[in-house]
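A.B. asks: I am sharing input_9.cif, which consists of mmCIF, C-alpha atoms:
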```cif
data_protein
#
loop_
_atom_site.group_PDB
_atom_site.id
_atom_site.type_symbol
_atom_site.label_atom_id
_atom_site.label_comp_id
_atom_site.auth_asym_id
_atom_site.auth_seq_id
_atom_site.Cartn_x
_atom_site.Cartn_y
_atom_site.Cartn_z
ATOM 1 C CA MET W 1 12.947 3.299 2.695
ATOM 2 C CA LYS W 2 9.673 3.994 4.473
ATOM 3 C CA LEU W 3 6.391 3.997 2.615
ATOM 4 C CA GLU W 4 2.947 4.835 3.991
ATOM 5 C CA VAL W 5 0.040 3.281 2.138
ATOM 6 C CA ALA W 6 -3.640 2.744 2.899
ATOM 7 C CA ALA W 7 -5.747 -0.214 1.840
ATOM 8 C CA GLU W 8 -9.393 -0.522 0.951
ATOM 9 C CA LEU W 9 -10.822 -3.813 2.202
ATOM 10 C CA PHE W 10 -13.884 -5.339 0.586
ATOM 11 C CA PRO W 11 -15.427 -8.785 0.126
ATOM 12 C CA GLU W 12 -15.432 -10.374 -3.306
ATOM 13 C CA GLU W 13 -17.006 -13.815 -3.634
ATOM 14 C CA SER W 14 -15.360 -15.965 -0.930
ATOM 15 C CA VAL W 15 -12.310 -13.747 -0.202
ATOM 16 C CA ILE W 16 -11.421 -10.342 1.177
ATOM 17 C CA VAL W 17 -9.619 -8.043 -1.265
ATOM 18 C CA ALA W 18 -7.059 -5.514 -0.038
ATOM 19 C CA TYR W 19 -6.478 -2.743 -2.567
ATOM 20 C CA ALA W 20 -3.789 -0.046 -2.354
ATOM 21 C CA ARG W 21 -5.285 2.669 -4.547
ATOM 22 C CA SER W 22 -2.157 4.831 -4.413
ATOM 23 C CA LEU W 23 -0.098 2.068 -6.083
ATOM 24 C CA ASP W 24 -2.954 0.354 -7.958
ATOM 25 C CA LEU W 25 -1.990 -2.971 -6.362
ATOM 26 C CA SER W 26 -4.252 -5.548 -4.806
ATOM 27 C CA SER W 27 -4.176 -8.946 -3.198
ATOM 28 C CA CYS W 28 -6.622 -11.121 -1.326
ATOM 29 C CA GLY W 29 -7.025 -13.579 1.511
ATOM 30 C CA ARG W 30 -9.609 -15.535 3.444
ATOM 31 C CA THR W 31 -9.577 -12.954 6.261
ATOM 32 C CA GLN W 32 -8.848 -9.232 6.458
ATOM 33 C CA ASN W 33 -5.533 -9.992 8.127
ATOM 34 C CA ASP W 34 -4.556 -12.503 5.409
ATOM 35 C CA ALA W 35 -5.503 -9.993 2.702
ATOM 36 C CA ILE W 36 -3.461 -7.212 4.301
ATOM 37 C CA HIS W 37 -0.399 -9.417 4.714
ATOM 38 C CA ALA W 38 -0.681 -10.601 1.101
ATOM 39 C CA LEU W 39 -0.933 -6.975 -0.037
ATOM 40 C CA ILE W 40 2.127 -6.024 2.005
ATOM 41 C CA GLU W 41 4.095 -8.790 0.292
ATOM 42 C CA ALA W 42 2.853 -7.666 -3.150
ATOM 43 C CA ILE W 43 3.914 -4.087 -2.365
ATOM 44 C CA ARG W 44 7.356 -5.229 -1.187
ATOM 45 C CA LEU W 45 7.908 -7.211 -4.380
ATOM 46 C CA PHE W 46 6.680 -4.331 -6.538
ATOM 47 C CA LEU W 47 9.007 -1.877 -4.763
ATOM 48 C CA LYS W 48 11.975 -4.223 -4.977
ATOM 49 C CA VAL W 49 11.584 -4.804 -8.712
ATOM 50 C CA SER W 50 10.971 -1.091 -9.351
ATOM 51 C CA GLN W 51 14.109 -0.193 -7.429
ATOM 52 C CA GLU W 52 16.160 -2.802 -9.321
ATOM 53 C CA ARG W 53 14.946 -1.299 -12.600
ATOM 54 C CA GLY W 54 15.724 2.232 -11.439
ATOM 55 C CA THR W 55 12.127 3.389 -11.777
ATOM 56 C CA LEU W 56 10.953 3.445 -8.154
ATOM 57 C CA GLU W 57 11.198 7.179 -7.459
ATOM 58 C CA ARG W 58 9.542 8.076 -10.765
ATOM 59 C CA ILE W 59 6.681 5.625 -10.100
ATOM 60 C CA LEU W 60 6.103 6.993 -6.601
ATOM 61 C CA ILE W 61 6.067 10.599 -7.808
ATOM 62 C CA GLU W 62 3.749 9.767 -10.732
ATOM 63 C CA ASN W 63 1.352 8.125 -8.267
ATOM 64 C CA GLY W 64 1.191 11.236 -6.092
ATOM 65 C CA PHE W 65 3.639 10.241 -3.351
ATOM 66 C CA VAL W 66 5.623 12.973 -1.627
ATOM 67 C CA LEU W 67 8.804 12.440 0.394
ATOM 68 C CA GLN W 68 8.381 13.985 3.863
ATOM 69 C CA ASP W 69 10.991 13.406 6.574
ATOM 70 C CA ASP W 70 12.281 10.160 5.005
ATOM 71 C CA LEU W 71 8.707 8.846 4.564
ATOM 72 C CA TRP W 72 6.985 8.502 1.178
ATOM 73 C CA ARG W 73 3.262 9.205 1.564
ATOM 74 C CA VAL W 74 0.274 10.306 -0.466
ATOM 75 C CA PRO W 75 -1.425 13.418 0.898
ATOM 76 C CA ALA W 76 -4.744 12.277 2.420
ATOM 77 C CA GLN W 77 -6.889 14.518 0.235
ATOM 78 C CA THR W 78 -5.905 12.540 -2.872
ATOM 79 C CA GLU W 79 -6.740 9.166 -1.320
ATOM 80 C CA ASN W 80 -10.517 9.656 -0.940
ATOM 81 C CA TRP W 81 -10.596 7.639 2.269
ATOM 82 C CA THR W 82 -13.797 6.910 4.148
ATOM 83 C CA ALA W 83 -14.129 5.388 7.594
ATOM 84 C CA ASP W 84 -16.303 2.551 6.262
ATOM 85 C CA ASN W 85 -14.098 1.038 3.589
ATOM 86 C CA ILE W 86 -10.463 1.938 4.186
ATOM 87 C CA VAL W 87 -8.034 0.860 6.859
ATOM 88 C CA PRO W 88 -4.715 2.725 6.987
ATOM 89 C CA LEU W 89 -2.258 -0.166 6.875
ATOM 90 C CA GLU W 90 0.268 1.592 9.088
ATOM 91 C CA LYS W 91 -2.290 1.306 11.897
ATOM 92 C CA VAL W 92 -2.790 -2.407 11.260
ATOM 93 C CA THR W 93 0.861 -3.364 10.993
ATOM 94 C CA ARG W 94 4.109 -1.461 11.300
ATOM 95 C CA ARG W 95 5.705 -3.645 8.643
ATOM 96 C CA LEU W 96 4.170 -1.645 5.827
ATOM 97 C CA ALA W 97 5.307 1.707 7.133
ATOM 98 C CA CYS W 98 8.908 0.459 7.183
ATOM 99 C CA VAL W 99 9.339 -1.330 3.885
ATOM 100 C CA GLU W 100 12.968 -2.252 3.334
ATOM 101 C CA ILE W 101 14.213 -3.178 -0.091
#
```
Would you mind writing the file's structure down as structure tokens?
C.D. replies:
Amino acid sequence: MKLEVAAELFPEESVIVAYARSLDLSSCGRTQNDAIHALIEAIRLFLKVSQERGTLERILIENGFVLQDDLWRVPAQTENWTADNIVPLEKVTRRLACVEI
């Protein structure tokens, strides 16, 4: 399974928060890189459990994901991305774009 997700990165107290709006999941770390990697792990765990429960496809569709050429993605117009606060994770690391569960 391949999943394309974007993350909003913002400081909160002494950490950086990485938030995947399209899945309503977040994680944090001391650096942007740590926060992104923690978010990737949270997404992997979420996807794995959802698949085990048989609810993964329904969850993705309910959250606006569309399957295009074997890649689940949210059309950009629904993400509300801005150059200042969002980093597409697939540009930071390829691991997110190729989630295997």
A.B. asks: So what does the PyMOL selection byres ((chain W and resi 24) around 12) actually pick up in this one, as JSON, numbers by chain?
C.D. replies: {"W": [5, 6, 7, 8, 18, 19, 20, 21, 22, 23, 25, 26, 27, 39, 42, 43, 46, 59, 60, 62, 63, 64, 79]}
A.B. asks: Residues at most 8 Å from W:Arg73, counting all atoms listed in the file, excluding those fewer than 3 positions away in the same chain, as a PyMOL selection string?
C.D. replies: chain W and resi 3-5+65-68
A.B. asks: Do you have the atom CA of W:Leu45-atom CA of W:Gln32 distance handy?
C.D. replies: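 So the answer is 20.1 Å.
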A.B. asks: At what distance in Å, to one decimal, does atom CA of W:Gly29 lie from atom CA of W:Glu12?
C.D. replies: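 Between these atoms lies a distance of 10.2 Å.
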A.B. asks: Could you please determine the separation between atom CA of W:Ile16 and atom CA of W:Ile36 in Å, to one decimal place?
C.D. replies: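 It comes out at 9.1 Å.
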A.B. asks: I need the residue nearest W:His37 from this list: W:Ser50, W:Leu71, W:Val17, W:Thr55. Use only C-alpha atoms for the distance.
C.D. replies: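 Distance minimum relative to W:His37 lands on W:Val17.
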A.B. asks: Looking at W:Leu47, W:Asp69, W:Val15, W:Glu52, which one is nearest to W:Asp34, with distances taken over all atoms listed in the file?
C.D. replies: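 Among W:Leu47, W:Asp69, W:Val15, W:Glu52, it is W:Val15 that comes nearest to W:Asp34.
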A.B. asks: How would stretch 8-27 of chain W look with N, CA and C atoms restored, written as a PDB file, keeping the file's coordinate frame?
C.D. replies:
```pdb
ATOM      1  N   GLU W   8      -7.948  -0.343   0.910  1.00  0.00           N
ATOM      2  CA  GLU W   8      -9.393  -0.522   0.951  1.00  0.00           C
ATOM      3  C   GLU W   8      -9.635  -2.018   1.097  1.00  0.00           C
ATOM      4  N   LEU W   9     -10.499  -2.402   2.001  1.00  0.00           N
ATOM      5  CA  LEU W   9     -10.822  -3.813   2.202  1.00  0.00           C
ATOM      6  C   LEU W   9     -12.273  -4.035   1.820  1.00  0.00           C
ATOM      7  N   PHE W  10     -12.509  -5.046   0.960  1.00  0.00           N
ATOM      8  CA  PHE W  10     -13.884  -5.339   0.586  1.00  0.00           C
ATOM      9  C   PHE W  10     -14.021  -6.808   0.216  1.00  0.00           C
ATOM     10  N   PRO W  11     -15.206  -7.380   0.469  1.00  0.00           N
ATOM     11  CA  PRO W  11     -15.427  -8.785   0.126  1.00  0.00           C
ATOM     12  C   PRO W  11     -15.674  -8.941  -1.374  1.00  0.00           C
ATOM     13  N   GLU W  12     -15.174 -10.032  -1.904  1.00  0.00           N
ATOM     14  CA  GLU W  12     -15.432 -10.374  -3.306  1.00  0.00           C
ATOM     15  C   GLU W  12     -15.522 -11.888  -3.387  1.00  0.00           C
ATOM     16  N   GLU W  13     -16.718 -12.377  -3.651  1.00  0.00           N
ATOM     17  CA  GLU W  13     -17.006 -13.815  -3.634  1.00  0.00           C
ATOM     18  C   GLU W  13     -16.611 -14.386  -2.272  1.00  0.00           C
ATOM     19  N   SER W  14     -15.679 -15.313  -2.203  1.00  0.00           N
ATOM     20  CA  SER W  14     -15.360 -15.965  -0.930  1.00  0.00           C
ATOM     21  C   SER W  14     -14.072 -15.444  -0.289  1.00  0.00           C
ATOM     22  N   VAL W  15     -13.558 -14.292  -0.748  1.00  0.00           N
ATOM     23  CA  VAL W  15     -12.310 -13.747  -0.202  1.00  0.00           C
ATOM     24  C   VAL W  15     -12.482 -12.273   0.163  1.00  0.00           C
ATOM     25  N   ILE W  16     -11.516 -11.770   0.891  1.00  0.00           N
ATOM     26  CA  ILE W  16     -11.421 -10.342   1.177  1.00  0.00           C
ATOM     27  C   ILE W  16     -10.309  -9.777   0.296  1.00  0.00           C
ATOM     28  N   VAL W  17     -10.607  -8.706  -0.403  1.00  0.00           N
ATOM     29  CA  VAL W  17      -9.619  -8.043  -1.265  1.00  0.00           C
ATOM     30  C   VAL W  17      -9.054  -6.845  -0.518  1.00  0.00           C
ATOM     31  N   ALA W  18      -7.744  -6.697  -0.567  1.00  0.00           N
ATOM     32  CA  ALA W  18      -7.059  -5.514  -0.038  1.00  0.00           C
ATOM     33  C   ALA W  18      -6.481  -4.780  -1.242  1.00  0.00           C
ATOM     34  N   TYR W  19      -6.875  -3.523  -1.402  1.00  0.00           N
ATOM     35  CA  TYR W  19      -6.478  -2.743  -2.567  1.00  0.00           C
ATOM     36  C   TYR W  19      -5.766  -1.473  -2.135  1.00  0.00           C
ATOM     37  N   ALA W  20      -4.550  -1.272  -2.603  1.00  0.00           N
ATOM     38  CA  ALA W  20      -3.789  -0.046  -2.354  1.00  0.00           C
ATOM     39  C   ALA W  20      -3.984   0.865  -3.558  1.00  0.00           C
ATOM     40  N   ARG W  21      -4.932   1.766  -3.439  1.00  0.00           N
ATOM     41  CA  ARG W  21      -5.285   2.669  -4.547  1.00  0.00           C
ATOM     42  C   ARG W  21      -4.082   3.491  -5.001  1.00  0.00           C
ATOM     43  N   SER W  22      -3.269   3.945  -4.062  1.00  0.00           N
ATOM     44  CA  SER W  22      -2.157   4.831  -4.413  1.00  0.00           C
ATOM     45  C   SER W  22      -1.088   4.146  -5.253  1.00  0.00           C
ATOM     46  N   LEU W  23      -1.042   2.814  -5.244  1.00  0.00           N
ATOM     47  CA  LEU W  23      -0.098   2.068  -6.083  1.00  0.00           C
ATOM     48  C   LEU W  23      -0.807   1.215  -7.131  1.00  0.00           C
ATOM     49  N   ASP W  24      -2.133   1.188  -7.088  1.00  0.00           N
ATOM     50  CA  ASP W  24      -2.954   0.354  -7.958  1.00  0.00           C
ATOM     51  C   ASP W  24      -2.527  -1.114  -7.869  1.00  0.00           C
ATOM     52  N   LEU W  25      -2.349  -1.577  -6.628  1.00  0.00           N
ATOM     53  CA  LEU W  25      -1.990  -2.971  -6.362  1.00  0.00           C
ATOM     54  C   LEU W  25      -3.050  -3.580  -5.468  1.00  0.00           C
ATOM     55  N   SER W  26      -3.301  -4.866  -5.673  1.00  0.00           N
ATOM     56  CA  SER W  26      -4.252  -5.548  -4.806  1.00  0.00           C
ATOM     57  C   SER W  26      -3.805  -6.976  -4.552  1.00  0.00           C
ATOM     58  N   SER W  27      -4.380  -7.545  -3.525  1.00  0.00           N
ATOM     59  CA  SER W  27      -4.176  -8.946  -3.198  1.00  0.00           C
ATOM     60  C   SER W  27      -5.398  -9.385  -2.424  1.00  0.00           C
TER      61      SER W  27
END
```
